[in-house]
Amino acid sequence: MPELLTKITLSYLLVFCFGMVTGASELLSRYRKLHLIFRTAPGWVYMMINGLMSILMLYILIHSGVQSDKHYINILVAGFSAMALLRSSFFIYKNKETGEEISIGLSIVIQVFLDWADRTFDQNQTITELDDIARIMDKLDYKLASSEMVPLAINFMENLSDVEKKRLSEYVKELDNSQISNQAKSLNLGKAIARLTGHEVLQSLKNKLGNRILMESATDTGKESDRAKPQGLDEIQQLIQQLKKE
Amino acid sequence: MDNNHIGSTQSGTTEALKILNQREANRLQPILDVSFEELGEDLNRIVRLPGADFLKDSVNRIKGIADSNEDSMLRLIKMGEATGSFILRDGKRIRNDPEVNEAVKIFLVDYLDTVSKTNNQDLISAAVGNVKNFLPQ
């Protein structure tokens, strides 16, 4: 009896791991970044749901009396059926007004968590990328950088298609005419170039151009000390004094 | 997550600024949380005054915002709107009751002080406008 219990516990543990691995592999095929999956809550929740569903399927299998004598078969059946059940939809409802298709079934639950993971991973990726681009583009004068870096990037990247080159040039023109700050323009410029060249080439372009594209004065670096003080702070102090005096 | 197209200037910038703003909000959160406690106490003081019955609904509404778990900047924006509307509506009546007037003034001083910590131009302008409406011209 204790040996049987140990076997059952081990089966649950194995089927849980099976479910977790299934979930992880799905996320991995979607995002291709292992560290993102294990460092974020949605990644763990998604894997846990798959693991717990596999345990539930194994429980049903064992208690419905249709289990095989061989434990590994039960584990595989439970694991795969949990995977299939979680991704199943009984029918698809089409919203006539919006044309949106909604799957009715357990897949709707899993989709909520996938959307959550999508958002979180996207945010994480954006933060990392923004940090990297901000570091590279730090202290660059937007106008000098765009006039020097873009032609260089276009000339040196030999595999760029004409469409990509044209898009980049048009995008830079759009940036030139936009009303955003130079800091935001520089970030966008860095991102646009890095999309085609990668971050290493972007860094290399900056290094090669050196001081020629650096800002002469740090007026738009985004540093705390350089930020313009908002108007009205003095007025606030006056109002506070007036309120206290009255 | 298509990273292969050159996105529009607007959406790219909005995303980038959203993150920069989020960082700023994260930096400010602990500083403002202390201020929100003070503001909550100020509002409690107003509500407890017998002459402030006419302000109870407005003050409780502001207290609800101050005590909520929302982002600090969002709380301040909402508080500013609610404060502005009760000042416009009840400003004169408040000034007629010295005790209520005193309690509201303490709240407004802390509110201005809190807003000034954010360095946010929109919030500062709105707060100055609100309090100017309260003070006699």
# chains A, B, ... in the order shown; residues from 1 in each chain; ligands from 1
>>> select_by_dssp(residues="segment 38-211 of chain A", states="strand (DSSP E or B)", output="list in words")
Phe91, Ile92, Tyr93, Lys94, Glu101, Ile102, Ser103, Ile104 and Leu140 of chain A
>>> residues_around(residues="Leu13 of chain A", least_positions_apart="4", cutoff="10 Å", atoms="only C-alpha atoms", output="number ranges by chain")
A: 7-9, 17-19, 51, 54-55, 75
>>> write_last_selection(atoms="C-alpha atoms", output="compact mmCIF listing (two decimals), in the first residue's frame")
# COMPACT_ATOMS: atom_id res chain seq x y z
CA LYS A 7 3.80 5.70 -7.00
CA ILE A 8 0.61 7.76 -7.19
CA THR A 9 2.29 10.78 -5.57
CA CYS A 17 5.96 18.77 -14.31
CA PHE A 18 4.68 17.56 -17.68
CA GLY A 19 2.02 20.27 -17.64
CA GLY A 51 0.47 21.77 -14.36
CA SER A 54 -2.71 17.94 -15.79
CA ILE A 55 -3.06 16.88 -12.13
CA ILE A 75 0.86 10.45 -17.08
>>> interface_residues(of="chain A", to="chain B", cutoff="7 Å", atoms="only C-alpha atoms", output="JSON, numbers by chain")
{"A": [175, 184, 188, 192, 195, 230, 231, 232, 233, 236, 240, 243]}
>>> atom_distance(atom1="atom CA of Met20 of chain A", atom2="atom CA of Asp122 of chain A")
21.8 Å
>>> residues_around(residues="Thr22 of chain A", least_positions_apart="5", cutoff="8 Å", atoms="only C-alpha atoms", output="PDB file with N, CA and C atoms, in the first residue's frame")
ATOM      1  N   MET A  47       2.271  28.460 -16.509  1.00  0.00           N
ATOM      2  CA  MET A  47       2.810  27.103 -16.369  1.00  0.00           C
ATOM      3  C   MET A  47       2.068  26.339 -15.265  1.00  0.00           C
ATOM      4  N   ASN A  50      -1.266  24.995 -16.406  1.00  0.00           N
ATOM      5  CA  ASN A  50      -1.077  23.777 -17.193  1.00  0.00           C
ATOM      6  C   ASN A  50      -0.747  22.586 -16.299  1.00  0.00           C
ATOM      7  N   MET A  83      -3.570  19.319 -21.961  1.00  0.00           N
ATOM      8  CA  MET A  83      -3.094  20.260 -22.965  1.00  0.00           C
ATOM      9  C   MET A  83      -4.194  20.520 -23.998  1.00  0.00           C
TER      10      MET A  83
END
>>> residues_around(residues="segment 64-74 of chain B", least_positions_apart="5", cutoff="9 Å", atoms="only C-alpha atoms", output="JSON, numbers by chain")
{"B": [25, 26, 28, 29, 30, 32, 33, 36, 37, 39, 40, 59, 79, 118, 123]}
>>> select_by_dssp(residues="segment 129-234 of chain A", states="helix (DSSP H, G or I)", output="mmCIF file with N, CA and C atoms, in the first residue's frame")
data_model
loop_
_atom_site.group_PDB
_atom_site.id
_atom_site.type_symbol
_atom_site.label_atom_id
_atom_site.label_comp_id
_atom_site.auth_asym_id
_atom_site.auth_seq_id
_atom_site.Cartn_x
_atom_site.Cartn_y
_atom_site.Cartn_z
ATOM 1 N N GLU A 129 14.697 47.420 -23.857
ATOM 2 C CA GLU A 129 15.116 48.033 -25.115
ATOM 3 C C GLU A 129 15.249 49.544 -24.962
ATOM 4 N N LEU A 130 14.285 50.126 -24.255
ATOM 5 C CA LEU A 130 14.322 51.582 -24.065
ATOM 6 C C LEU A 130 15.570 51.981 -23.275
ATOM 7 N N ASP A 131 15.895 51.187 -22.262
ATOM 8 C CA ASP A 131 17.104 51.463 -21.471
ATOM 9 C C ASP A 131 18.337 51.444 -22.360
ATOM 10 N N ASP A 132 18.395 50.403 -23.201
ATOM 11 C CA ASP A 132 19.552 50.217 -24.057
ATOM 12 C C ASP A 132 19.682 51.366 -25.059
ATOM 13 N N ILE A 133 18.542 51.682 -25.710
ATOM 14 C CA ILE A 133 18.556 52.753 -26.722
ATOM 15 C C ILE A 133 18.875 54.086 -26.046
ATOM 16 N N ALA A 134 18.270 54.313 -24.861
ATOM 17 C CA ALA A 134 18.501 55.585 -24.157
ATOM 18 C C ALA A 134 19.982 55.717 -23.805
ATOM 19 N N ARG A 135 20.602 54.586 -23.430
ATOM 20 C CA ARG A 135 22.032 54.622 -23.082
ATOM 21 C C ARG A 135 22.868 54.981 -24.315
ATOM 22 N N ILE A 136 22.531 54.356 -25.441
ATOM 23 C CA ILE A 136 23.312 54.619 -26.657
ATOM 24 C C ILE A 136 23.091 56.055 -27.144
ATOM 25 N N MET A 137 21.847 56.496 -27.117
ATOM 26 C CA MET A 137 21.529 57.807 -27.708
ATOM 27 C C MET A 137 21.754 58.962 -26.725
ATOM 28 N N TYR A 142 20.033 65.455 -31.646
ATOM 29 C CA TYR A 142 19.138 64.751 -32.568
ATOM 30 C C TYR A 142 19.421 65.106 -34.021
ATOM 31 N N LYS A 143 19.533 66.410 -34.304
ATOM 32 C CA LYS A 143 19.692 66.832 -35.708
ATOM 33 C C LYS A 143 20.993 66.295 -36.302
ATOM 34 N N LEU A 144 22.085 66.419 -35.509
ATOM 35 C CA LEU A 144 23.376 65.928 -36.009
ATOM 36 C C LEU A 144 23.332 64.415 -36.172
ATOM 37 N N ALA A 145 22.739 63.749 -35.172
ATOM 38 C CA ALA A 145 22.686 62.279 -35.199
ATOM 39 C C ALA A 145 21.890 61.796 -36.400
ATOM 40 N N SER A 146 20.731 62.422 -36.651
ATOM 41 C CA SER A 146 19.908 61.929 -37.757
ATOM 42 C C SER A 146 20.580 62.200 -39.096
ATOM 43 N N SER A 147 21.255 63.351 -39.220
ATOM 44 C CA SER A 147 21.856 63.647 -40.527
ATOM 45 C C SER A 147 23.108 62.801 -40.779
ATOM 46 N N GLU A 148 23.765 62.341 -39.715
ATOM 47 C CA GLU A 148 25.006 61.573 -39.917
ATOM 48 C C GLU A 148 24.799 60.057 -39.797
ATOM 49 N N MET A 149 23.965 59.668 -38.836
ATOM 50 C CA MET A 149 23.837 58.231 -38.573
ATOM 51 C C MET A 149 22.990 57.516 -39.628
ATOM 52 N N VAL A 150 21.920 58.164 -40.065
ATOM 53 C CA VAL A 150 21.004 57.485 -40.993
ATOM 54 C C VAL A 150 21.690 57.150 -42.333
ATOM 55 N N PRO A 151 22.371 58.129 -42.991
ATOM 56 C CA PRO A 151 23.031 57.757 -44.250
ATOM 57 C C PRO A 151 24.087 56.670 -44.056
ATOM 58 N N LEU A 152 24.806 56.759 -42.915
ATOM 59 C CA LEU A 152 25.823 55.738 -42.646
ATOM 60 C C LEU A 152 25.192 54.355 -42.518
ATOM 61 N N ALA A 153 24.109 54.297 -41.731
ATOM 62 C CA ALA A 153 23.430 53.013 -41.517
ATOM 63 C C ALA A 153 22.940 52.458 -42.845
ATOM 64 N N ILE A 154 22.357 53.332 -43.667
ATOM 65 C CA ILE A 154 21.819 52.880 -44.955
ATOM 66 C C ILE A 154 22.945 52.395 -45.873
ATOM 67 N N ASN A 155 24.066 53.105 -45.884
ATOM 68 C CA ASN A 155 25.161 52.723 -46.783
ATOM 69 C C ASN A 155 25.879 51.456 -46.337
ATOM 70 N N PHE A 156 26.058 51.324 -45.018
ATOM 71 C CA PHE A 156 26.859 50.198 -44.540
ATOM 72 C C PHE A 156 26.078 48.883 -44.417
ATOM 73 N N ASP A 162 15.363 48.251 -50.617
ATOM 74 C CA ASP A 162 15.038 49.641 -50.952
ATOM 75 C C ASP A 162 13.845 50.134 -50.143
ATOM 76 N N VAL A 163 12.893 49.208 -49.916
ATOM 77 C CA VAL A 163 11.696 49.587 -49.149
ATOM 78 C C VAL A 163 12.094 49.986 -47.727
ATOM 79 N N GLU A 164 12.987 49.201 -47.126
ATOM 80 C CA GLU A 164 13.410 49.500 -45.746
ATOM 81 C C GLU A 164 14.158 50.830 -45.679
ATOM 82 N N LYS A 165 15.021 51.064 -46.669
ATOM 83 C CA LYS A 165 15.768 52.332 -46.696
ATOM 84 C C LYS A 165 14.808 53.503 -46.830
ATOM 85 N N LYS A 166 13.832 53.325 -47.732
ATOM 86 C CA LYS A 166 12.869 54.408 -47.978
ATOM 87 C C LYS A 166 12.052 54.672 -46.707
ATOM 88 N N ARG A 167 11.637 53.577 -46.059
ATOM 89 C CA ARG A 167 10.833 53.721 -44.837
ATOM 90 C C ARG A 167 11.593 54.501 -43.771
ATOM 91 N N LEU A 168 12.871 54.138 -43.611
ATOM 92 C CA LEU A 168 13.684 54.806 -42.591
ATOM 93 C C LEU A 168 13.814 56.302 -42.908
ATOM 94 N N SER A 169 14.090 56.617 -44.173
ATOM 95 C CA SER A 169 14.237 58.025 -44.552
ATOM 96 C C SER A 169 12.935 58.783 -44.317
ATOM 97 N N GLU A 170 11.819 58.164 -44.699
ATOM 98 C CA GLU A 170 10.526 58.835 -44.517
ATOM 99 C C GLU A 170 10.209 59.030 -43.038
ATOM 100 N N TYR A 171 10.568 58.008 -42.264
ATOM 101 C CA TYR A 171 10.299 58.093 -40.825
ATOM 102 C C TYR A 171 11.103 59.229 -40.182
ATOM 103 N N VAL A 172 12.358 59.368 -40.628
ATOM 104 C CA VAL A 172 13.206 60.435 -40.075
ATOM 105 C C VAL A 172 12.628 61.802 -40.444
ATOM 106 N N LYS A 173 12.118 61.919 -41.684
ATOM 107 C CA LYS A 173 11.488 63.187 -42.085
ATOM 108 C C LYS A 173 10.296 63.479 -41.184
ATOM 109 N N GLU A 174 9.509 62.418 -40.926
ATOM 110 C CA GLU A 174 8.332 62.551 -40.050
ATOM 111 C C GLU A 174 8.767 63.034 -38.661
ATOM 112 N N LEU A 175 9.882 62.441 -38.176
ATOM 113 C CA LEU A 175 10.403 62.824 -36.851
ATOM 114 C C LEU A 175 10.853 64.284 -36.843
ATOM 115 N N ASP A 176 11.546 64.682 -37.933
ATOM 116 C CA ASP A 176 12.040 66.066 -38.026
ATOM 117 C C ASP A 176 10.899 67.060 -37.855
ATOM 118 N N ASN A 177 9.750 66.721 -38.460
ATOM 119 C CA ASN A 177 8.633 67.668 -38.447
ATOM 120 C C ASN A 177 7.728 67.538 -37.230
ATOM 121 N N ASN A 182 13.448 66.858 -28.230
ATOM 122 C CA ASN A 182 14.604 66.265 -28.889
ATOM 123 C C ASN A 182 14.992 64.935 -28.259
ATOM 124 N N GLN A 183 14.733 64.819 -26.951
ATOM 125 C CA GLN A 183 15.054 63.558 -26.270
ATOM 126 C C GLN A 183 14.203 62.423 -26.854
ATOM 127 N N ALA A 184 12.900 62.695 -27.012
ATOM 128 C CA ALA A 184 12.006 61.678 -27.574
ATOM 129 C C ALA A 184 12.363 61.404 -29.030
ATOM 130 N N LYS A 185 12.749 62.454 -29.756
ATOM 131 C CA LYS A 185 13.148 62.264 -31.161
ATOM 132 C C LYS A 185 14.376 61.347 -31.238
ATOM 133 N N SER A 186 15.344 61.603 -30.352
ATOM 134 C CA SER A 186 16.560 60.778 -30.358
ATOM 135 C C SER A 186 16.240 59.324 -30.056
ATOM 136 N N LEU A 187 15.351 59.109 -29.070
ATOM 137 C CA LEU A 187 14.979 57.731 -28.715
ATOM 138 C C LEU A 187 14.325 57.042 -29.908
ATOM 139 N N ASN A 188 13.406 57.767 -30.562
ATOM 140 C CA ASN A 188 12.717 57.191 -31.714
ATOM 141 C C ASN A 188 13.689 56.925 -32.860
ATOM 142 N N LEU A 189 14.625 57.835 -33.039
ATOM 143 C CA LEU A 189 15.617 57.657 -34.100
ATOM 144 C C LEU A 189 16.458 56.404 -33.821
ATOM 145 N N GLY A 190 16.899 56.286 -32.563
ATOM 146 C CA GLY A 190 17.689 55.117 -32.163
ATOM 147 C C GLY A 190 16.928 53.833 -32.400
ATOM 148 N N LYS A 191 15.658 53.833 -32.024
ATOM 149 C CA LYS A 191 14.824 52.635 -32.191
ATOM 150 C C LYS A 191 14.656 52.302 -33.674
ATOM 151 N N ALA A 192 14.436 53.332 -34.486
ATOM 152 C CA ALA A 192 14.223 53.107 -35.918
ATOM 153 C C ALA A 192 15.482 52.537 -36.574
ATOM 154 N N ILE A 193 16.634 53.073 -36.198
ATOM 155 C CA ILE A 193 17.883 52.562 -36.794
ATOM 156 C C ILE A 193 18.158 51.145 -36.276
ATOM 157 N N ALA A 194 17.960 50.971 -34.940
ATOM 158 C CA ALA A 194 18.253 49.660 -34.339
ATOM 159 C C ALA A 194 17.369 48.554 -34.903
ATOM 160 N N ARG A 195 16.148 48.909 -35.315
ATOM 161 C CA ARG A 195 15.263 47.895 -35.913
ATOM 162 C C ARG A 195 15.914 47.266 -37.151
ATOM 163 N N LEU A 196 16.644 48.084 -37.878
ATOM 164 C CA LEU A 196 17.249 47.587 -39.112
ATOM 165 C C LEU A 196 18.671 47.074 -38.894
ATOM 166 N N THR A 197 19.371 47.671 -37.935
ATOM 167 C CA THR A 197 20.794 47.334 -37.797
ATOM 168 C C THR A 197 21.111 46.492 -36.563
ATOM 169 N N HIS A 199 21.265 46.633 -32.086
ATOM 170 C CA HIS A 199 21.814 47.582 -31.121
ATOM 171 C C HIS A 199 23.331 47.738 -31.222
ATOM 172 N N GLU A 200 24.007 46.646 -31.576
ATOM 173 C CA GLU A 200 25.474 46.717 -31.613
ATOM 174 C C GLU A 200 25.956 47.656 -32.709
ATOM 175 N N VAL A 201 25.296 47.564 -33.873
ATOM 176 C CA VAL A 201 25.686 48.451 -34.976
ATOM 177 C C VAL A 201 25.353 49.904 -34.607
ATOM 178 N N LEU A 202 24.227 50.090 -33.941
ATOM 179 C CA LEU A 202 23.845 51.449 -33.524
ATOM 180 C C LEU A 202 24.933 52.035 -32.606
ATOM 181 N N GLN A 203 25.362 51.218 -31.653
ATOM 182 C CA GLN A 203 26.418 51.650 -30.731
ATOM 183 C C GLN A 203 27.706 51.950 -31.500
ATOM 184 N N SER A 204 28.011 51.084 -32.464
ATOM 185 C CA SER A 204 29.220 51.257 -33.245
ATOM 186 C C SER A 204 29.161 52.543 -34.077
ATOM 187 N N LEU A 205 27.984 52.819 -34.644
ATOM 188 C CA LEU A 205 27.820 54.062 -35.421
ATOM 189 C C LEU A 205 28.109 55.272 -34.537
ATOM 190 N N LYS A 206 27.563 55.222 -33.315
ATOM 191 C CA LYS A 206 27.772 56.334 -32.390
ATOM 192 C C LYS A 206 29.271 56.475 -32.072
ATOM 193 N N ASN A 207 29.904 55.335 -31.790
ATOM 194 C CA ASN A 207 31.328 55.381 -31.445
ATOM 195 C C ASN A 207 32.174 55.950 -32.585
ATOM 196 N N LYS A 208 31.840 55.521 -33.801
ATOM 197 C CA LYS A 208 32.644 55.957 -34.949
ATOM 198 C C LYS A 208 32.461 57.460 -35.201
ATOM 199 N N LEU A 209 31.253 57.943 -35.004
ATOM 200 C CA LEU A 209 31.005 59.369 -35.280
ATOM 201 C C LEU A 209 31.506 60.253 -34.141
ATOM 202 N N GLY A 210 31.631 59.651 -32.976
ATOM 203 C CA GLY A 210 32.223 60.332 -31.818
ATOM 204 C C GLY A 210 31.629 61.690 -31.496
ATOM 205 N N ASN A 211 32.512 62.643 -31.238
ATOM 206 C CA ASN A 211 32.076 63.960 -30.760
ATOM 207 C C ASN A 211 31.259 64.753 -31.775
ATOM 208 N N ARG A 212 31.375 64.353 -33.040
ATOM 209 C CA ARG A 212 30.680 65.123 -34.084
ATOM 210 C C ARG A 212 29.172 65.192 -33.860
ATOM 211 N N ILE A 213 28.608 64.176 -33.241
ATOM 212 C CA ILE A 213 27.154 64.175 -33.096
ATOM 213 C C ILE A 213 26.705 64.384 -31.639
ATOM 214 N N GLU A 224 17.931 64.987 -14.265
ATOM 215 C CA GLU A 224 17.169 65.731 -13.254
ATOM 216 C C GLU A 224 17.549 67.211 -13.243
ATOM 217 N N SER A 225 18.880 67.471 -13.230
ATOM 218 C CA SER A 225 19.326 68.850 -13.093
ATOM 219 C C SER A 225 19.039 69.676 -14.337
ATOM 220 N N ASP A 226 18.878 68.987 -15.486
ATOM 221 C CA ASP A 226 18.682 69.727 -16.721
ATOM 222 C C ASP A 226 17.211 70.011 -17.001
ATOM 223 N N LEU A 233 5.644 77.079 -9.492
ATOM 224 C CA LEU A 233 6.135 76.631 -8.185
ATOM 225 C C LEU A 233 6.246 77.820 -7.214
ATOM 226 N N ASP A 234 6.704 78.955 -7.742
ATOM 227 C CA ASP A 234 6.804 80.147 -6.887
ATOM 228 C C ASP A 234 5.415 80.592 -6.448
#
>>> atom_distance(atom1="atom CA of Arg48 of chain B", atom2="atom CA of Phe107 of chain B")
13.7 Å
>>> residues_around(residues="Leu36 of chain A", least_positions_apart="2", cutoff="10 Å", atoms="only C-alpha atoms", output="PyMOL selection string")
chain A and resi 27-28+31-34+38-43+117+120-122+124-125
>>> atom_distance(atom1="atom CA of Ser85 of chain B", atom2="atom CA of Ile62 of chain B")
10.8 Å
>>> residues_around(residues="Leu214 of chain A", least_positions_apart="6", cutoff="6 Å", atoms="only C-alpha atoms", output="ChimeraX atom specification")
/A:139-141
